[in-house]
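Participant: Hey, dropping target11.cif in here, mmCIF, C-alpha atoms:
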data_input
#
loop_
_atom_site.label_atom_id
_atom_site.label_comp_id
_atom_site.auth_asym_id
_atom_site.auth_seq_id
_atom_site.Cartn_x
_atom_site.Cartn_y
_atom_site.Cartn_z
CA MET A 1 93.16 87.60 148.02
CA ILE A 2 94.84 85.05 150.24
CA GLU A 3 97.95 83.10 149.24
CA LEU A 4 96.01 79.93 148.36
CA ASP A 5 93.92 81.78 145.77
CA LYS A 6 96.77 83.74 144.15
CA LEU A 7 98.12 80.77 142.24
CA GLU A 8 94.74 80.02 140.66
CA ASN A 9 93.92 83.63 139.71
CA GLN A 10 97.09 85.02 138.10
CA ALA A 11 95.10 86.04 135.00
CA PHE A 12 92.75 88.25 137.03
CA ILE A 13 95.68 89.86 138.82
CA GLN A 14 97.20 90.72 135.43
CA LYS A 15 93.83 92.06 134.20
CA SER A 16 93.63 94.27 137.31
CA ILE A 17 97.16 95.59 136.73
CA ASN A 18 96.29 96.44 133.12
CA TYR A 19 93.17 98.30 134.32
CA LEU A 20 95.22 100.31 136.84
CA GLU A 21 97.86 101.18 134.22
CA THR A 22 95.19 102.55 131.88
CA SER A 23 93.68 104.49 134.80
CA GLY A 24 96.91 106.45 135.29
CA PHE A 25 98.56 104.54 138.12
CA GLU A 26 102.33 104.20 138.02
CA ASP A 27 105.14 102.54 139.96
CA ILE A 28 103.00 99.39 140.23
CA LYS A 29 104.19 96.64 142.55
CA ALA A 30 102.30 93.36 142.48
CA ASP A 31 102.50 90.00 144.16
CA THR A 32 102.91 88.25 140.80
CA GLU A 33 105.67 87.32 138.38
CA GLY A 34 107.24 90.14 136.37
CA TYR A 35 106.64 92.85 138.98
CA GLU A 36 108.47 93.96 142.07
CA LYS A 37 106.86 92.43 145.15
CA PRO A 38 105.17 94.86 147.58
CA LYS A 39 106.35 95.08 151.17
CA SER A 40 105.03 92.28 153.40
CA TYR A 41 103.99 92.72 157.01
CA LEU A 42 104.48 89.98 159.59
CA ARG A 43 101.68 89.10 162.00
CA LYS A 44 103.43 88.28 165.28
CA GLU A 45 100.68 86.23 166.88
CA SER A 46 100.41 83.67 164.06
CA GLY A 47 103.66 84.25 162.17
CA SER A 48 101.81 84.73 158.88
CA LYS A 49 102.64 87.42 156.33
CA ILE A 50 100.23 90.01 154.97
CA THR A 51 101.09 91.28 151.50
CA PRO A 52 98.83 93.63 149.52
CA ASP A 53 98.00 92.22 146.07
CA ILE A 54 98.89 95.47 144.28
CA VAL A 55 100.49 98.73 145.40
CA ALA A 56 100.53 101.72 143.03
CA VAL A 57 100.99 105.49 143.03
CA LYS A 58 98.74 108.10 141.43
CA ASN A 59 99.17 111.87 141.82
CA GLY A 60 101.78 111.31 144.53
CA ARG A 61 99.45 109.25 146.72
CA LYS A 62 100.04 105.57 147.48
CA TYR A 63 97.17 103.12 146.92
CA TYR A 64 96.86 99.59 148.29
CA PHE A 65 94.66 97.25 146.25
CA ASP A 66 93.35 93.88 147.30
CA ILE A 67 91.49 91.56 144.98
CA SER A 68 88.23 90.10 146.26
CA LEU A 69 87.28 86.69 144.92
CA LYS A 70 85.20 84.05 146.68
CA SER A 71 87.41 82.30 149.19
CA GLU A 72 87.20 79.24 151.38
CA LYS A 73 88.85 81.16 154.22
CA PRO A 74 86.94 84.45 154.51
CA HIS A 75 88.28 85.04 158.05
CA LEU A 76 91.83 85.50 156.71
CA LEU A 77 90.57 87.85 154.02
CA LYS A 78 88.63 89.95 156.54
CA SER A 79 91.63 90.34 158.83
CA LYS A 80 93.84 91.27 155.86
CA TRP A 81 91.38 93.95 154.74
CA LEU A 82 91.07 95.39 158.25
CA PHE A 83 94.85 95.56 158.57
CA LEU A 84 95.34 97.20 155.15
CA ASP A 85 92.53 99.69 155.81
CA THR A 86 93.95 100.67 159.20
CA MET A 87 97.50 100.95 157.89
CA SER A 88 96.44 103.06 154.91
CA ARG A 89 94.48 105.46 157.12
CA MET A 90 97.39 105.83 159.54
CA ASN A 91 99.76 106.83 156.72
CA SER A 92 97.31 108.95 154.66
CA HIS A 93 97.27 106.38 151.87
CA ARG A 94 94.27 104.84 150.13
CA PHE A 95 92.89 101.29 150.25
CA ARG A 96 90.68 99.93 147.47
CA ILE A 97 89.17 96.53 146.71
CA ILE A 98 88.95 95.12 143.18
CA THR A 99 86.34 92.51 142.27
CA THR A 100 84.72 91.01 139.20
CA LYS A 101 81.39 89.64 137.99
CA GLY A 102 80.17 86.75 140.13
CA HIS A 103 81.92 88.01 143.25
CA TYR A 104 80.02 91.26 143.94
CA LYS A 105 77.63 89.81 146.55
CA PHE A 106 80.47 88.01 148.36
CA THR A 107 82.52 91.22 148.45
CA ASP A 108 79.61 93.38 149.67
CA SER A 109 78.71 90.94 152.46
CA MET A 110 82.36 90.72 153.55
CA LEU A 111 82.66 94.52 153.67
CA GLU A 112 79.43 94.75 155.64
CA ASP A 113 80.63 92.11 158.14
CA ILE A 114 83.74 94.13 159.02
CA ASN A 115 82.02 97.55 158.95
CA LEU A 116 83.76 98.77 155.79
CA SER A 117 80.49 99.18 153.91
CA ASN A 118 81.56 102.74 153.01
CA LYS A 119 84.11 101.18 150.61
CA THR A 120 82.90 100.84 147.04
CA PRO A 121 84.72 98.03 145.22
CA ILE A 122 86.23 98.63 141.79
CA LYS A 123 84.32 96.35 139.43
CA ILE A 124 86.30 95.01 136.50
#
Is it possible to express this structure as structure tokens?

Facilitator:
Amino acid sequence: MIELDKLENQAFIQKSINYLETSGFEDIKADTEGYEKPKSYLRKESGSKITPDIVAVKNGRKYYFDISLKSEKPHLLKSKWLFLDTMSRMNSHRFRIITTKGHYKFTDSMLEDINLSNKTPIKI
């Protein structure tokens, strides 16, 4: 989820965190109030920051989660997903996408556009 959408969707971020906690994830860092903020990465060409929505650990392996909701700027979302996927593969981590009812088709078409169609989104 891009910065513009985070303010509007705090409730879904919290719902996603609760789902991950019940699924056995620990040491959860989230880009929301009440949690430690995950590490941000700076994009040199534009000066913008990329921050995963949620970072958690399960069985000693780090997972990056990004929340997929319909966005007015899908280009930013695509580049964020590509970066997080590449970074997670380089460091032997995992990258997952979380979505909800009403956003499945948007998420699937976005994943197909950037050749990540092998990713299956977590549907909450």

Participant: Taking the file above as input, evaluate the PyMOL selection byres ((chain A and resi 58) around 12) and report the hits as a list in words.

Facilitator: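 Checking the PyMOL selection byres ((chain A and resi 58) around 12) against this file, the residues are Leu20, Glu21, Thr22, Ser23, Gly24, Phe25, Glu26, Asp27, Ile28, Val55, Ala56, Val57, Asn59, Gly60, Arg61, Lys62, Tyr63, Tyr64, His93 and Arg94 of chain A.
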
Participant: For a quick check of understanding, using all atoms listed in the file, which of A:Ile17, A:Lys39, A:Gly34, A:Leu77 has the smallest distance to A:Ile2?

Facilitator: A:Leu77

Participant: Run the PyMOL selection byres ((chain A and resi 97-113) around 9) on the file and write out the hits as JSON, numbers by chain.

Facilitator: {"A": [12, 16, 64, 65, 66, 67, 68, 69, 70, 74, 77, 78, 81, 95, 96, 114, 115, 116, 117, 118, 119, 120, 121, 122, 123, 124]}

Participant: Would you mind reading off the distance between atom CA of A:Ser71 and atom CA of A:Glu36, one decimal, in Å?

Facilitator: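 Computed distance, atom CA of A:Ser71 to atom CA of A:Glu36, equals 25.1 Å.
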
Participant: Could you work out an axis-aligned box for stretch 98-108 of chain A, taking every atom the file lists and adding 3 Å on each side, and report centre and edge lengths in Å to one decimal, as JSON?

Facilitator:
{"center_x": 83.3, "center_y": 90.9, "center_z": 143.8, "size_x": 17.3, "size_y": 14.4, "size_z": 17.7}

Participant: Report the residues retrieved by the PyMOL selection byres ((chain A and resi 13) around 9) from the displayed file, expressed as a list of chain:residue names.

Facilitator: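 Applying the expression gives A:Lys6, A:Asn9, A:Gln10, A:Ala11, A:Phe12, A:Gln14, A:Lys15, A:Ser16, A:Ile17, A:Asn18, A:Ala30, A:Asp31, A:Thr32, A:Asp53, A:Ile54, A:Ile67.
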
Participant: Between atom CA of A:Arg89 and atom CA of A:Lys73, what is the spacing in Å?

Facilitator: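 Atom CA of A:Lys73 sits 25.1 Å away from atom CA of A:Arg89.
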